[in-house]
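Containing TSV, C-alpha atoms: my_file.tsv.
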chain	number	residue	atom	x	y	z
A	28	MET	CA	0.00	0.00	0.00
A	29	LYS	CA	1.42	3.39	-0.88
A	30	LYS	CA	2.36	5.48	2.18
A	31	ARG	CA	0.64	8.80	2.62
A	32	PHE	CA	2.70	12.03	2.54
A	33	ARG	CA	2.65	13.56	6.06
A	34	PRO	CA	3.97	17.16	6.25
A	35	VAL	CA	4.21	16.95	10.08
A	36	LEU	CA	6.51	13.95	9.93
A	37	VAL	CA	8.66	15.53	7.23
A	38	LEU	CA	8.97	18.66	9.35
A	39	LEU	CA	9.96	16.62	12.39
A	40	ASP	CA	12.52	14.70	10.32
A	41	ILE	CA	14.05	18.00	9.20
A	42	PHE	CA	14.26	19.04	12.87
A	43	ILE	CA	15.95	15.75	13.74
A	44	VAL	CA	18.58	16.29	11.03
A	45	ILE	CA	19.22	19.88	12.16
A	46	PHE	CA	19.50	18.92	15.85
A	47	THR	CA	21.75	15.98	15.02
A	48	ILE	CA	24.14	18.26	13.11
A	49	PHE	CA	24.02	20.78	15.97
A	50	LEU	CA	24.69	18.10	18.57
A	51	VAL	CA	27.66	16.73	16.64
A	52	ILE	CA	29.13	20.25	16.42
A	53	MET	CA	28.48	20.79	20.15
A	54	ILE	CA	30.17	17.49	21.06
A	55	VAL	CA	33.23	18.36	18.97
A	56	VAL	CA	33.46	21.85	20.53
A	57	THR	CA	32.90	20.51	24.06
A	58	VAL	CA	35.61	17.88	23.70
A	59	LYS	CA	37.91	20.58	22.34
A	60	VAL	CA	37.16	22.95	25.25
A	61	LEU	CA	37.55	20.26	27.91
A	62	ASN	CA	40.85	19.07	26.44
A	63	GLU	CA	42.21	22.49	25.58
A	64	PRO	CA	45.99	22.27	25.55
A	65	ASP	CA	47.75	24.56	28.02
A	66	TYR	CA	50.03	26.68	25.87
A	67	ARG	CA	52.00	27.66	28.96
A	68	TYR	CA	53.75	24.30	28.67
A	69	ASP	CA	54.56	24.51	24.96
A	70	PRO	CA	58.27	25.31	24.43
A	71	ASP	CA	57.66	26.33	20.79
A	72	ASN	CA	55.46	29.13	22.03
A	73	TYR	CA	58.37	30.58	23.98
A	74	THR	CA	60.84	30.12	21.12
A	75	TYR	CA	58.81	32.54	18.99
A	76	THR	CA	58.50	34.93	21.94
A	77	LEU	CA	62.26	34.88	22.46
A	78	GLN	CA	63.00	35.31	18.76
A	79	GLY	CA	60.80	38.42	18.83
A	80	GLY	CA	62.85	39.83	21.72
A	81	ASP	CA	59.75	39.89	23.93
A	82	TYR	CA	61.55	39.23	27.22
A	83	ARG	CA	58.74	40.86	29.16
A	84	SER	CA	56.31	38.13	28.04
A	85	LEU	CA	58.77	35.48	29.21
A	86	ALA	CA	59.01	37.19	32.61
A	87	ASN	CA	55.21	37.38	32.73
A	88	SER	CA	54.77	33.74	31.78
A	89	PHE	CA	57.13	32.42	34.42
A	90	TYR	CA	57.35	35.03	37.18
A	91	LEU	CA	54.55	37.54	37.41
A	92	GLY	CA	51.37	36.42	39.13
A	93	SER	CA	49.17	38.62	36.95
A	94	SER	CA	49.15	35.94	34.24
A	95	GLU	CA	48.97	32.58	36.10
A	96	PRO	CA	52.68	31.86	35.71
A	97	VAL	CA	54.07	28.36	35.35
A	98	ALA	CA	54.76	27.00	38.85
A	99	GLU	CA	58.46	26.60	39.68
A	100	GLU	CA	58.06	22.84	40.19
A	101	LYS	CA	56.34	22.48	36.81
A	102	VAL	CA	59.16	24.03	34.78
A	103	THR	CA	60.32	21.08	32.67
A	104	PRO	CA	63.88	20.78	31.26
A	105	GLU	CA	62.47	21.92	27.87
A	106	LEU	CA	60.99	25.06	29.44
A	107	GLU	CA	63.92	25.83	31.73
A	108	PRO	CA	66.01	27.92	29.25
A	109	TYR	CA	62.99	30.16	28.55
A	110	ALA	CA	62.18	30.50	32.24
A	111	ALA	CA	65.83	31.39	32.80
A	112	VAL	CA	65.79	34.14	30.14
A	113	GLY	CA	62.56	35.54	31.61
A	114	GLY	CA	64.08	35.33	35.08
A	115	TYR	CA	67.29	37.06	33.98
A	116	TYR	CA	65.27	39.89	32.46
A	117	LEU	CA	63.07	40.30	35.56
A	118	HIS	CA	66.01	40.10	37.99
A	119	SER	CA	67.91	42.68	35.90
A	120	PHE	CA	64.87	44.95	36.11
A	121	LEU	CA	64.61	44.43	39.88
A	122	LEU	CA	68.36	44.95	40.28
A	123	GLY	CA	67.87	48.43	38.83
A	124	ILE	CA	65.23	49.13	41.48
A	125	TYR	CA	67.39	47.83	44.36
A	126	GLU	CA	70.43	49.80	43.20
A	127	THR	CA	68.33	52.96	43.03
A	128	MET	CA	66.80	52.51	46.49
A	129	PRO	CA	69.59	51.51	47.48
A	130	ASP	CA	69.04	48.06	48.99
A	131	GLU	CA	72.39	46.26	48.86
A	132	GLU	CA	71.11	43.01	50.31
A	133	SER	CA	68.32	42.66	47.75
A	134	ALA	CA	70.67	43.82	44.97
A	135	ALA	CA	73.14	41.07	45.87
A	136	ALA	CA	70.31	38.52	45.87
A	137	ALA	CA	69.18	39.77	42.45
A	138	ARG	CA	72.75	39.45	41.05
A	139	GLN	CA	72.93	35.91	42.42
A	140	ALA	CA	69.55	35.10	40.85
A	141	MET	CA	70.87	36.45	37.51
A	142	GLU	CA	73.91	34.18	37.76
A	143	ASP	CA	71.64	31.21	38.47
A	144	ASP	CA	69.46	32.17	35.51
A	145	ARG	CA	72.50	32.42	33.22
A	146	SER	CA	73.62	28.91	34.21
A	147	ARG	CA	70.19	27.50	33.21
A	148	MET	CA	69.91	29.28	29.86
A	149	GLY	CA	71.65	26.70	27.65
A	150	VAL	CA	71.96	27.94	24.07
A	151	TYR	CA	70.29	31.24	24.95
A	152	VAL	CA	73.19	32.63	27.01
A	153	PRO	CA	73.89	35.29	24.32
A	154	GLU	CA	70.54	36.84	25.24
A	155	THR	CA	72.12	38.05	28.50
A	156	ASP	CA	74.26	40.58	26.57
A	157	LYS	CA	71.16	42.02	24.93
A	158	ILE	CA	69.33	42.24	28.26
A	159	ASP	CA	72.37	43.82	29.94
A	160	LYS	CA	72.34	46.51	27.24
A	161	ILE	CA	68.65	47.20	27.84
A	162	PHE	CA	69.17	47.83	31.55
A	163	ASP	CA	72.80	49.06	31.47
A	164	THR	CA	73.80	46.38	33.93
A	165	GLN	CA	77.11	44.47	34.53
B	22	MET	CA	-37.94	-18.97	5.25
B	23	LYS	CA	-39.39	-22.41	5.77
B	24	CYS	CA	-37.83	-25.31	7.69
B	25	PRO	CA	-36.75	-27.89	5.06
B	26	ASN	CA	-37.76	-30.65	7.52
B	27	CYS	CA	-41.23	-29.63	8.85
B	28	GLY	CA	-42.08	-26.60	6.71
B	29	ALA	CA	-42.61	-24.30	9.70
B	30	ASN	CA	-41.80	-20.59	9.37
B	31	ILE	CA	-38.34	-19.83	10.81
B	32	SER	CA	-35.85	-16.95	10.57
B	33	ILE	CA	-32.46	-17.16	8.80
B	34	ARG	CA	-30.87	-16.28	12.16
B	35	ASP	CA	-32.39	-19.37	13.87
B	36	GLU	CA	-29.71	-22.07	14.12
B	37	TYR	CA	-32.38	-24.67	14.94
B	38	CYS	CA	-36.04	-25.05	13.96
B	39	ALA	CA	-38.16	-24.09	16.94
B	40	TRP	CA	-40.84	-26.64	15.85
B	41	CYS	CA	-38.95	-29.81	14.90
B	42	GLY	CA	-35.44	-29.04	16.39
B	43	LYS	CA	-33.57	-29.74	13.13
B	44	VAL	CA	-30.37	-27.79	12.44
B	45	ASN	CA	-30.90	-24.83	10.12
B	46	GLU	CA	-28.14	-25.32	7.46
B	47	HIS	CA	-28.85	-21.96	5.81
B	48	SER	CA	-28.44	-20.16	9.09
B	49	LEU	CA	-25.05	-21.84	9.78
B	50	ARG	CA	-23.68	-20.87	6.35
B	51	HIS	CA	-25.06	-17.38	6.79
B	52	ILE	CA	-23.36	-17.00	10.17
B	53	GLN	CA	-20.02	-18.34	8.80
B	54	ILE	CA	-20.16	-15.88	5.88
B	55	LEU	CA	-21.08	-13.10	8.29
B	56	LYS	CA	-18.11	-13.87	10.56
B	57	ARG	CA	-15.75	-13.98	7.58
B	58	TYR	CA	-16.95	-10.58	6.40
B	59	GLN	CA	-16.76	-9.18	9.92
B	60	ALA	CA	-13.14	-10.41	10.24
B	61	ALA	CA	-12.24	-8.95	6.86
B	62	THR	CA	-13.93	-5.69	7.75
B	63	GLU	CA	-12.06	-5.58	11.07
B	64	ALA	CA	-8.70	-6.25	9.35
B	65	THR	CA	-9.34	-3.55	6.79
B	66	LYS	CA	-10.36	-1.18	9.54
B	67	ASN	CA	-7.15	-1.92	11.48
B	68	ASP	CA	-5.01	-1.45	8.36
B	69	LEU	CA	-6.73	1.79	7.68
B	70	GLU	CA	-6.18	2.98	11.25
B	71	LYS	CA	-2.48	2.10	11.05
B	72	GLN	CA	-2.20	4.03	7.82
B	73	THR	CA	-4.06	7.03	9.09
B	74	ASP	CA	-2.85	7.17	12.76
B	75	VAL	CA	0.29	9.47	12.89
B	76	ARG	CA	0.45	9.63	16.68
B	77	VAL	CA	3.07	6.89	17.06
B	78	PRO	CA	5.57	8.18	14.45
B	79	ILE	CA	5.10	11.72	15.75
B	80	PHE	CA	5.74	10.55	19.31
B	81	MET	CA	8.88	8.67	18.24
B	82	ARG	CA	10.24	11.67	16.39
B	83	LEU	CA	9.48	14.01	19.27
B	84	LEU	CA	11.30	11.61	21.58
B	85	VAL	CA	14.38	11.68	19.35
B	86	ILE	CA	14.25	15.49	19.16
B	87	ALA	CA	13.94	15.69	22.96
B	88	LEU	CA	16.98	13.44	23.39
B	89	LEU	CA	18.96	15.55	20.92
B	90	ILE	CA	18.01	18.74	22.77
B	91	ILE	CA	19.05	17.17	26.09
B	92	GLY	CA	22.40	16.27	24.48
B	93	VAL	CA	22.91	19.84	23.27
B	94	VAL	CA	22.01	21.25	26.71
B	95	VAL	CA	24.40	18.82	28.47
B	96	CYS	CA	27.23	19.86	26.12
B	97	PHE	CA	26.47	23.53	26.70
B	98	VAL	CA	26.39	23.11	30.51
B	99	LEU	CA	29.65	21.14	30.42
B	100	MET	CA	31.33	23.89	28.41
B	101	ASP	CA	29.85	26.74	30.41
B	102	THR	CA	30.78	25.31	33.79
B	103	SER	CA	34.20	23.97	32.84
B	104	TRP	CA	35.92	27.13	34.12
B	105	ASP	CA	33.86	27.12	37.35
B	106	ARG	CA	34.66	23.48	38.00
B	107	LYS	CA	38.34	24.17	37.32
B	108	TYR	CA	38.25	27.20	39.64
B	109	ASN	CA	36.49	25.24	42.42
B	110	ARG	CA	38.97	22.38	42.09
B	111	ARG	CA	41.89	24.80	42.30
B	112	GLU	CA	40.40	26.57	45.31
B	113	ALA	CA	39.79	23.26	47.10
B	114	GLU	CA	43.40	22.29	46.36
B	115	ALA	CA	44.68	25.64	47.68
B	116	ILE	CA	42.66	25.24	50.91
B	117	LYS	CA	43.83	21.65	51.37
B	118	ASN	CA	47.49	22.70	51.06
B	119	ALA	CA	47.06	25.89	53.09
B	120	PRO	CA	49.68	25.02	55.78
B	121	VAL	CA	52.41	24.57	53.14
B	122	HIS	CA	51.31	27.58	51.09
B	123	THR	CA	50.91	30.00	54.00
B	124	ALA	CA	54.34	29.03	55.36
B	125	GLU	CA	55.94	29.87	52.00
B	126	LEU	CA	53.89	33.02	51.53
B	127	ASP	CA	54.80	34.23	55.03
B	128	ARG	CA	58.48	33.69	54.20
B	129	LEU	CA	58.22	35.64	50.92
B	130	LEU	CA	56.29	38.41	52.66
B	131	ALA	CA	58.88	38.76	55.42
B	132	ALA	CA	61.67	38.78	52.80
B	133	HIS	CA	59.82	41.54	50.88
B	134	ASP	CA	60.04	39.37	47.76
B	135	HIS	CA	57.03	40.99	46.13
B	136	THR	CA	57.41	39.35	42.71
B	137	GLY	CA	58.11	35.99	44.36
B	138	PHE	CA	54.92	36.33	46.41
B	139	SER	CA	52.93	37.18	43.30
B	140	ARG	CA	54.45	34.27	41.40
B	141	TYR	CA	53.66	31.81	44.17
B	142	MET	CA	50.06	33.03	44.49
B	143	GLY	CA	49.51	32.96	40.72
B	144	SER	CA	51.15	29.64	39.98
B	145	HIS	CA	49.29	27.87	42.81
B	146	TYR	CA	45.98	29.53	41.92
B	147	ILE	CA	45.61	31.06	45.38
B	148	SER	CA	43.07	33.82	45.76
B	149	VAL	CA	42.47	36.07	48.73
B	150	TYR	CA	38.88	36.62	47.65
B	151	GLY	CA	37.63	33.04	48.03
B	152	HIS	CA	34.97	32.33	50.66
B	153	VAL	CA	34.21	36.01	51.21
B	154	GLY	CA	32.96	36.52	54.76
B	155	ASN	CA	34.53	33.34	56.05
B	156	ASP	CA	37.03	34.40	58.70
B	157	ARG	CA	38.69	31.00	58.62
B	158	TYR	CA	39.69	31.35	54.96
B	159	PRO	CA	43.47	30.87	55.27
B	160	TYR	CA	44.56	33.50	52.74
B	161	LYS	CA	42.37	36.33	53.96
B	162	LYS	CA	45.23	37.75	56.04
B	163	TYR	CA	47.08	38.70	52.82
B	164	LYS	CA	44.16	40.68	51.41
B	165	GLN	CA	45.49	44.21	51.98
B	166	TYR	CA	48.94	43.19	50.77
B	167	VAL	CA	47.61	41.50	47.62
B	168	ASN	CA	45.40	44.48	46.78
B	169	VAL	CA	48.53	46.66	46.60
B	170	ASN	CA	50.81	43.95	45.21
B	171	ASP	CA	48.53	43.31	42.22
B	172	TYR	CA	49.06	46.88	40.98
B	173	TYR	CA	52.76	46.77	41.81
B	174	ILE	CA	53.06	43.73	39.52
B	175	TYR	CA	50.92	45.28	36.77
B	176	THR	CA	53.08	48.41	36.95
B	177	ILE	CA	56.27	46.36	36.59
B	178	SER	CA	54.75	44.54	33.63
B	179	HIS	CA	53.78	47.79	31.89
B	180	ILE	CA	57.09	49.56	32.53
B	181	MET	CA	58.87	46.45	31.22
B	182	ASP	CA	56.93	46.98	28.00
B	183	LEU	CA	59.00	50.14	27.54
B	184	TYR	CA	62.29	48.26	28.04
B	185	PRO	CA	62.75	47.93	25.21
B	186	TYR	CA	59.73	49.40	23.50
B	187	ARG	CA	59.25	47.09	20.53
B	188	SER	CA	57.91	48.50	17.29
B	189	ASP	CA	55.76	45.39	16.79
B	190	SER	CA	53.95	46.04	20.08
B	191	TYR	CA	50.19	46.21	19.96
B	192	ASP	CA	50.12	49.59	21.71
B	193	SER	CA	52.09	52.70	20.81
B	194	GLU	CA	54.88	53.80	23.14
B	195	GLU	CA	52.74	56.75	24.27
B	196	SER	CA	49.76	54.58	25.17
B	197	THR	CA	52.04	52.07	26.92
B	198	LEU	CA	53.44	54.95	28.98
B	199	GLU	CA	49.90	56.18	29.75
B	200	GLU	CA	48.92	52.70	30.91
B	201	ALA	CA	52.00	52.47	33.11
B	202	ALA	CA	51.11	55.84	34.65
B	203	GLN	CA	47.54	54.65	35.15
B	204	TYR	CA	48.71	51.54	36.99
B	205	ILE	CA	50.95	53.64	39.20
B	206	ASN	CA	47.84	55.64	40.08
B	207	TYR	CA	45.95	52.42	40.82
B	208	PHE	CA	48.88	51.34	42.99
B	209	TYR	CA	48.75	54.54	45.05
B	210	ASP	CA	44.94	54.26	45.36
B	211	ALA	CA	45.31	50.74	46.75
B	212	TYR	CA	48.20	51.91	48.96
B	213	ALA	CA	46.04	54.73	50.39
B	214	ARG	CA	43.15	52.31	51.02
B	215	ALA	CA	45.48	49.90	52.81
B	216	GLN	CA	46.78	52.74	55.02
B	217	LYS	CA	43.23	53.54	56.08
B	218	ASP	CA	42.43	49.90	56.86
B	219	GLU	CA	42.30	49.43	60.65
B	220	ASP	CA	43.28	45.76	60.34
B	221	LEU	CA	46.64	46.73	58.86
B	222	ALA	CA	47.89	48.11	62.18
B	223	GLN	CA	47.46	44.65	63.70
B	224	ASN	CA	49.63	42.99	61.07
B	225	SER	CA	53.07	44.60	61.18
B	226	VAL	CA	54.62	42.15	58.68
B	227	VAL	CA	52.06	43.08	56.03
B	228	ALA	CA	52.33	46.79	56.90
B	229	GLU	CA	56.14	46.73	56.52
B	230	ALA	CA	55.90	44.80	53.25
B	231	ILE	CA	53.48	47.37	51.83
B	232	GLU	CA	55.80	50.21	52.89
B	233	ASP	CA	58.72	48.43	51.19
B	234	MET	CA	56.64	48.03	48.06
B	235	GLU	CA	56.00	51.78	48.04
B	236	LEU	CA	59.73	52.47	48.35
B	237	GLN	CA	60.37	50.11	45.46
B	238	MET	CA	57.68	51.89	43.45
B	239	GLN	CA	59.49	55.19	44.05
B	240	ALA	CA	62.79	53.65	42.93
B	241	MET	CA	61.10	52.14	39.87
B	242	THR	CA	59.82	55.53	38.73
B	243	VAL	CA	63.24	57.10	39.30
B	244	ARG	CA	65.18	54.40	37.49
B	245	TYR	CA	62.88	53.57	34.59
B	246	LEU	CA	60.66	56.60	34.11
B	247	GLY	CA	63.18	59.31	34.89
B	248	VAL	CA	61.25	60.81	37.81
B	249	ASP	CA	63.37	63.01	40.08
B	250	ARG	CA	64.17	61.29	43.39
B	251	ALA	CA	62.63	64.09	45.48
B	252	ASP	CA	59.49	64.07	43.32
B	253	ALA	CA	59.26	60.26	43.60
B	254	ALA	CA	59.29	60.54	47.41
B	255	GLY	CA	56.19	62.71	47.17
B	256	LEU	CA	54.27	60.58	44.65
B	257	LYS	CA	51.84	59.34	47.29
B	258	GLU	CA	50.86	62.93	48.15
B	259	LEU	CA	50.00	63.94	44.58
B	260	THR	CA	46.64	63.82	42.86
B	261	GLU	CA	46.13	61.32	40.06
B	262	ALA	CA	46.44	64.01	37.38
B	263	GLN	CA	49.62	65.46	38.92
B	264	ARG	CA	51.18	62.03	39.22
B	265	ARG	CA	50.30	61.23	35.64
B	266	TYR	CA	51.77	64.49	34.37
B	267	LEU	CA	54.97	64.04	36.37
B	268	ILE	CA	55.49	60.45	35.19
B	269	GLU	CA	54.76	61.06	31.52
B	270	GLU	CA	56.85	64.25	31.31
B	271	SER	CA	59.76	62.65	33.19
B	272	TYR	CA	59.81	59.69	30.82
B	273	ARG	CA	59.70	61.93	27.75
B	274	MET	CA	62.63	63.90	29.15
B	275	LEU	CA	64.48	60.67	29.89
B	276	LYS	CA	63.98	59.46	26.33
B	277	ALA	CA	65.05	62.81	24.95
B	278	GLY	CA	68.23	62.51	26.99
B	279	GLY	CA	67.44	65.46	29.22
B	280	VAL	CA	67.20	65.76	32.98
B	281	SER	CA	63.75	65.95	34.51

Re-express the file's structure as structure tokens.
Amino acid sequence: MKKRFRPVLVLLDIFIVIFTIFLVIMIVVTVKVLNEPDYRYDPDNYTYTLQGGDYRSLANSFYLGSSEPVAEEKVTPELEPYAAVGGYYLHSFLLGIYETMPDEESAAAARQAMEDDRSRMGVYVPETDKIDKIFDTQ
Amino acid sequence: MKCPNCGANISIRDEYCAWCGKVNEHSLRHIQILKRYQAATEATKNDLEKQTDVRVPIFMRLLVIALLIIGVVVCFVLMDTSWDRKYNRREAEAIKNAPVHTAELDRLLAAHDHTGFSRYMGSHYISVYGHVGNDRYPYKKYKQYVNVNDYYIYTISHIMDLYPYRSDSYDSEESTLEEAAQYINYFYDAYARAQKDEDLAQNSVVAEAIEDMELQMQAMTVRYLGVDRADAAGLKELTEAQRRYLIEESYRMLKAGGVS
């Protein structure tokens, strides 16, 4: 027997197709949001930052609490050189403040921190010369 | 009709002759044919009802649509609350580890390591604003300090943007300088509020740390923005507009190689 054409059913079928497509998109987006990679732990991210001479962003990413910095214990060996460059830049900046105050004790601690940073920089040690020029230090 | 046996008058519906008791063959055939037609009629009626009744397919489709909508809503809720759940988890973690965290924060505070304090707070997702009104919240004691420290850190970050000022920066050097000056104003607002806070007098470690931060702010403006040392000492006494003027003019002079 030939089936009768039912506009209501056709309309509901169209709704089902639309909602199915929407749900699939929502599932994909939700999975993406819930598994969003944390770019703070991506060394490549910092390589580009360093190449652009944006030392301030490195200091922000690893040291300044305004931007949820990477915790000290979570700095992996791959991230360490970038954290060290950011640290060297920040400690150079702070050294300028302590020397101006003057606060010899804090200045000595900042110099020591810069030495520690330099020893962790790996291939990026040449960056220290550029940072020293910025702050007229050493 | 007449009974074929006795000739008495009987009806076609009579299965037996009321007069002689003989079976009425015509009636039996008639009833059988009637039942067959009734069954056929019933089957046709059922078929017709199945063909014409759209309630079941409509119900099934509505059910599927309802399930799809529930799926969409669940996805939306999961996405929308993901940050809240992450925040609550972090806060619970920070409260659980409060003895370790407060010990380290107290050490950094006493050492006047303002950037170290900020780094520790930020990297361990510690907030002083959690559980507002709960006096037992372990990080509440740092509230006045953090209010000032936040602007101290933002100021450092903005002044750093000028050292060096990079041509590929999103903001112009002038607007970066204006923002730095604005954050210095915010810092001094927070500093003034902390000074008026009666609780600060009861916490000498926090009070000393805030004073040290102010001294560092003075030195920062002298060293990196070219503010005169005597002027820097009076920054906290100036109005916002005066402070802004002093900072921006001093930096322009510094860049031009002059003396402010």

Residues of chain A that have any atom at most 8 Å from an atom of chain B: could you tabulate them with the shortest-distance atom pair and the distance in Å to one decimal, using all atoms listed in the file, ordered by chain and increasing number, as a Markdown table?
| residue | atom | partner | partner_atom | distance |
| --- | --- | --- | --- | --- |
| A:Lys30 | CA | B:Gln72 | CA | 7.4 |
| A:Arg31 | CA | B:Gln72 | CA | 7.6 |
| A:Val35 | CA | B:Ile79 | CA | 7.8 |
| A:Leu36 | CA | B:Ile79 | CA | 6.4 |
| A:Leu39 | CA | B:Arg82 | CA | 6.4 |
| A:Asp40 | CA | B:Arg82 | CA | 7.2 |
| A:Phe42 | CA | B:Ile86 | CA | 7.2 |
| A:Ile43 | CA | B:Ile86 | CA | 5.7 |
| A:Phe46 | CA | B:Leu89 | CA | 6.1 |
| A:Thr47 | CA | B:Leu89 | CA | 6.5 |
| A:Phe49 | CA | B:Val93 | CA | 7.4 |
| A:Leu50 | CA | B:Val93 | CA | 5.3 |
| A:Met53 | CA | B:Cys96 | CA | 6.2 |
| A:Ile54 | CA | B:Cys96 | CA | 6.3 |
| A:Thr57 | CA | B:Met100 | CA | 5.7 |
| A:Val60 | CA | B:Met100 | CA | 6.7 |
| A:Leu61 | CA | B:Ser103 | CA | 7.0 |
| A:Asp81 | CA | B:Arg187 | CA | 8.0 |
| A:Arg83 | CA | B:Met181 | CA | 6.0 |
| A:Asn87 | CA | B:Ser178 | CA | 7.2 |
| A:Phe89 | CA | B:Arg140 | CA | 7.7 |
| A:Tyr90 | CA | B:Arg140 | CA | 5.2 |
| A:Leu91 | CA | B:Arg140 | CA | 5.2 |
| A:Gly92 | CA | B:Gly143 | CA | 4.2 |
| A:Ser93 | CA | B:Gly143 | CA | 6.8 |
| A:Ser94 | CA | B:Gly143 | CA | 7.1 |
| A:Glu95 | CA | B:Gly143 | CA | 4.7 |
| A:Pro96 | CA | B:Ser144 | CA | 5.0 |
| A:Val97 | CA | B:Ser144 | CA | 5.6 |
| A:Ala98 | CA | B:Ser144 | CA | 4.6 |
| A:Glu99 | CA | B:Ser144 | CA | 7.9 |
| A:Phe120 | CA | B:Met181 | CA | 7.9 |
| A:Gly123 | CA | B:Arg244 | CA | 6.7 |
| A:Ile124 | CA | B:Ala240 | CA | 5.3 |
| A:Tyr125 | CA | B:Gln237 | CA | 7.5 |
| A:Thr127 | CA | B:Ala240 | CA | 5.6 |
| A:Met128 | CA | B:Ala240 | CA | 5.5 |
| A:Ile161 | CA | B:Tyr184 | CA | 6.5 |
| A:Phe162 | CA | B:Tyr184 | CA | 7.7 |

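When the distance limit is 9 Å and all atoms listed in the file are what count, the residues near range 76-79 of chain A, minus those fewer than 4 positions from it on the same chain, are Asp71, Asn72, Ser84, Leu85, Tyr109, Val112 and Glu154 of chain A; Arg187 and Asp189 of chain B.
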
Taking into account all atoms listed in the file, which residue in the set B:Asp105, B:Asp233, B:Glu200, B:Glu125 is nearest to Pro129 in chain A? B:Asp233

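Picture a line from CA of Tyr82 in chain A to CA of Ala201 in chain B; it runs 17.4 Å.
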
Tell me, in Å to one decimal, how far CA of Glu112 in chain B is from CA of Arg128 in chain B.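 CA of Arg128 in chain B lies 21.4 Å from CA of Glu112 in chain B.
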
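Atom to atom, CA of Thr197 in chain B and CA of Met274 in chain B stand 16.0 Å apart.
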
For Tyr158 in chain B, which of B:Asn206, B:Lys117, B:Ala131, B:Asp192 is the closest residue, counting only C-alpha atoms?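 Nearest to Tyr158 in chain B: B:Lys117.
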
Determine the nearest neighbour of Gln139 in chain A from the options A:Leu122, A:Ala110, A:Val152, A:Val102, counting all atoms listed in the file.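 Smallest separation from Gln139 in chain A among the options: A:Leu122.
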
List as JSON, numbers by chain the protein and nucleic acid residues near range 227-231 of chain B, meaning an atom at most 7 Å away when only C-alpha atoms are counted, but skip any in the same chain fewer than 6 places from it. {"B": [130, 133, 166, 221]}

Write the selection just made, keeping C-alpha atoms, as a CSV table (one decimal), in the frame of the given file?
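again37.csv, written as the output of this step:
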chain,number,residue,atom,x,y,z
B,130,LEU,CA,56.3,38.4,52.7
B,133,HIS,CA,59.8,41.5,50.9
B,166,TYR,CA,48.9,43.2,50.8
B,221,LEU,CA,46.6,46.7,58.9

From the set B:Ile31, B:Val226, B:Met234, B:Ile205, which residue has the shortest atom-to-atom contact distance to Leu259 in chain B, counting all atoms listed in the file? B:Ile205
